[in-house]
Amino acid sequence: MKDLLLIALFAALGAGGAGLLGWAAVRLLRRRSLALALFCVAAVTVLAVTSGTFAVAQAMFLSRHDLGVVITVLAMASVVSLATAALLGRQVVAGGRALTAAARTVGSDTGFTAPEPPLGLELAQLSEELAATSARLAEARARAQALDTSRRELIAWISHDLRTPLAGLRAMAEALEDGVAEHPQRYLQRMRTEVERLTGMVDDLFELSRIQAGALALSLSRVSVYDLVDDALAGAHPLARKRGVRLEGRQVAAEPVEVDSGEITRVLGNLLVNAIRSTPEDGVVAVSARREADEVVLSVTDGCGGIPEQDLPRVFETGWRGSAARTPRPADQGNPRQRSEGGGSGAGLGLAIVRGIVEAHAGRARVRNVAGGCCFEIVLPAART
């Protein structure tokens, strides 16, 4: 037992010295190539085994022949170990270089191109993360480009929509100032109408900016969708009567939701105003509400004649109003391409506001064509029981 302890002591002393040298070498090489670090680890291992073996051999006073055998065995093992470490280091370096080259394609137009050489587990996982990151970057870039395009279109359309009423206001003001207006009261009424339109545009722009900035403060409360629909129908009734459109509340289930009742009422109001303006005289605009699993679906169906299928994905985009004239006219009330004017401003912001408010409630807005018209739906999480 004493001999074994003595042998262990000599082996520990020999290997410990090599270990200290290895620790110093690893610290010095921590910023160098990984292949060199792996080779260093293998060399330290070989040196530790050799030092310990020599220390024990000297303590045991081995014969020259036995010592030669031990040295030969250690030499062969050292050569194999160091060669294996060198090959492994080259493989790791090759994989790292391939992954470095592939990383340059992250976020490119063509997308991430994974390296062809087989990679180790960790490098393969890193490659998968780079591919996922590249996909997210491409998606974010597409969203940013779409948003930039939408903003440019919005600026152009808002400029056009502002120019028209402002030009009319200036002409009417000049006519009143020069005393050439035959019916001043009528001019004043038209001026008030145009001012209300401008006020609606500004209000919609302010609301949309709050939504896009994430500054929309919601005051949530538990309400029934029946009450929400009833309030929205009451608010839209005067416009419907003026336009000769009949409002109907079909199968409105009294399902509870936790929402900001004022904001959701505005959403329904925008959809109803849109539907009424797009439905011809003697047409019907119907509102319904139903429960689907853990969600409540509120829908507004009109008789606009439908929206072209290629335009459906863009209906809720900011400022988009199809290819029709930018300024709404009475003759356009049945034109399905005027769908996104909602909210009364005519600036193409109503449906963008609808989507923003619904998404702020963790819901979603969608649209589909139905027989004779369109069906706009907002999907909200049902209140917890």
# chains A, B, ... in the order shown; residues from 1 in each chain; ligands from 1
$ residues_around --residues "Leu87 (chain A)" --least-positions-apart "3" --cutoff "12 Å" --atoms "only C-alpha atoms" --output "mmCIF file with N, CA and C atoms, in the first residue's frame"
data_model
loop_
_atom_site.group_PDB
_atom_site.id
_atom_site.type_symbol
_atom_site.label_atom_id
_atom_site.label_comp_id
_atom_site.auth_asym_id
_atom_site.auth_seq_id
_atom_site.Cartn_x
_atom_site.Cartn_y
_atom_site.Cartn_z
ATOM 1 N N ALA A 35 -7.624 25.338 -33.405
ATOM 2 C CA ALA A 35 -6.818 24.159 -33.741
ATOM 3 C C ALA A 35 -5.530 24.124 -32.916
ATOM 4 N N LEU A 36 -4.895 25.272 -32.747
ATOM 5 C CA LEU A 36 -3.679 25.342 -31.935
ATOM 6 C C LEU A 36 -3.984 25.025 -30.478
ATOM 7 N N LEU A 38 -6.422 23.055 -29.376
ATOM 8 C CA LEU A 38 -6.646 21.611 -29.276
ATOM 9 C C LEU A 38 -5.317 20.847 -29.307
ATOM 10 N N PHE A 39 -4.426 21.266 -30.185
ATOM 11 C CA PHE A 39 -3.118 20.617 -30.244
ATOM 12 C C PHE A 39 -2.368 20.804 -28.942
ATOM 13 N N ALA A 42 -3.724 18.391 -26.359
ATOM 14 C CA ALA A 42 -3.206 17.040 -26.590
ATOM 15 C C ALA A 42 -1.736 16.932 -26.167
ATOM 16 N N VAL A 80 0.518 9.250 -32.109
ATOM 17 C CA VAL A 80 -0.879 9.038 -32.514
ATOM 18 C C VAL A 80 -1.778 10.127 -31.919
ATOM 19 N N SER A 81 -1.579 10.450 -30.640
ATOM 20 C CA SER A 81 -2.417 11.460 -29.988
ATOM 21 C C SER A 81 -2.263 12.825 -30.639
ATOM 22 N N LEU A 82 -1.020 13.228 -30.881
ATOM 23 C CA LEU A 82 -0.787 14.543 -31.478
ATOM 24 C C LEU A 82 -1.301 14.602 -32.915
ATOM 25 N N ALA A 83 -1.151 13.517 -33.668
ATOM 26 C CA ALA A 83 -1.663 13.500 -35.039
ATOM 27 C C ALA A 83 -3.192 13.601 -35.053
ATOM 28 N N THR A 84 -3.829 12.868 -34.118
ATOM 29 C CA THR A 84 -5.289 12.934 -34.034
ATOM 30 C C THR A 84 -5.751 14.337 -33.662
ATOM 31 N N ARG A 90 -7.737 20.715 -37.591
ATOM 32 C CA ARG A 90 -7.938 21.141 -38.975
ATOM 33 C C ARG A 90 -9.410 21.049 -39.371
ATOM 34 N N GLN A 91 -10.066 19.989 -38.906
ATOM 35 C CA GLN A 91 -11.486 19.828 -39.231
ATOM 36 C C GLN A 91 -12.324 20.952 -38.604
ATOM 37 N N VAL A 92 -12.013 21.275 -37.347
ATOM 38 C CA VAL A 92 -12.750 22.339 -36.678
ATOM 39 C C VAL A 92 -12.498 23.679 -37.357
ATOM 40 N N VAL A 93 -11.245 23.938 -37.718
ATOM 41 C CA VAL A 93 -10.902 25.195 -38.381
ATOM 42 C C VAL A 93 -11.585 25.290 -39.739
ATOM 43 N N ALA A 94 -11.605 24.173 -40.481
ATOM 44 C CA ALA A 94 -12.268 24.186 -41.793
ATOM 45 C C ALA A 94 -13.762 24.476 -41.648
#
$ residues_around --residues "Cys375 (chain A)" --least-positions-apart "4" --cutoff "6 Å" --atoms "only C-alpha atoms" --output "ChimeraX atom specification"
/A:300-301,367-368
$ atom_distance --atom1 "CA of Leu121 (chain A)" --atom2 "CA of Val41 (chain A)"
20.4 Å
$ closest_residue --among "A:Val257, A:Leu99, A:Ile276, A:Leu162" --to "Gly303 (chain A)" --atoms "only C-alpha atoms"
A:Ile276
$ residues_around --residues "Val358 (chain A)" --least-positions-apart "6" --cutoff "12 Å" --atoms "only C-alpha atoms" --output "list in words"
Ile211, Leu216, Leu218, Val259, Asp260, Ser261, Glu263, Ile264, Thr265, Arg266, Val267, Leu268, Val297, Leu298, Phe316, Leu351, Ala352, Arg364, Ala365, Arg366, Glu377, Ile378, Val379, Leu380 and Pro381 of chain A
$ atom_distance --atom1 "CA of Arg250 (chain A)" --atom2 "CA of Glu295 (chain A)"
18.3 Å
$ atom_distance --atom1 "CA of Arg186 (chain A)" --atom2 "CA of Val245 (chain A)"
26.8 Å
$ select_by_dssp --residues "region 149-240 of chain A" --states "strand (DSSP E)" --output "PyMOL selection string"
chain A and resi 221-224
$ closest_residue --among "A:Leu166, A:Ala382, A:Cys304, A:Ile357" --to "Ser209 (chain A)" --atoms "only C-alpha atoms"
A:Ile357
$ residues_around --residues "Gly283 (chain A)" --least-positions-apart "6" --cutoff "12 Å" --atoms "only C-alpha atoms" --output "PyMOL selection string"
chain A and resi 240-241+243-248+275-277+301-305+333-334+372-373
$ closest_residue --among "A:Met201, A:Leu74, A:Thr110, A:Gln251" --to "Trp157 (chain A)" --atoms "only C-alpha atoms"
A:Met201
$ closest_residue --among "A:Asn369, A:Val229, A:Gly269, A:Ile155" --to "Val252 (chain A)" --atoms "only C-alpha atoms"
A:Val229
$ select_by_dssp --residues "region 42-213 of chain A" --states "helix (DSSP H, G or I)" --output "ChimeraX atom specification"
/A:42-60,64-103,121-178,184-212
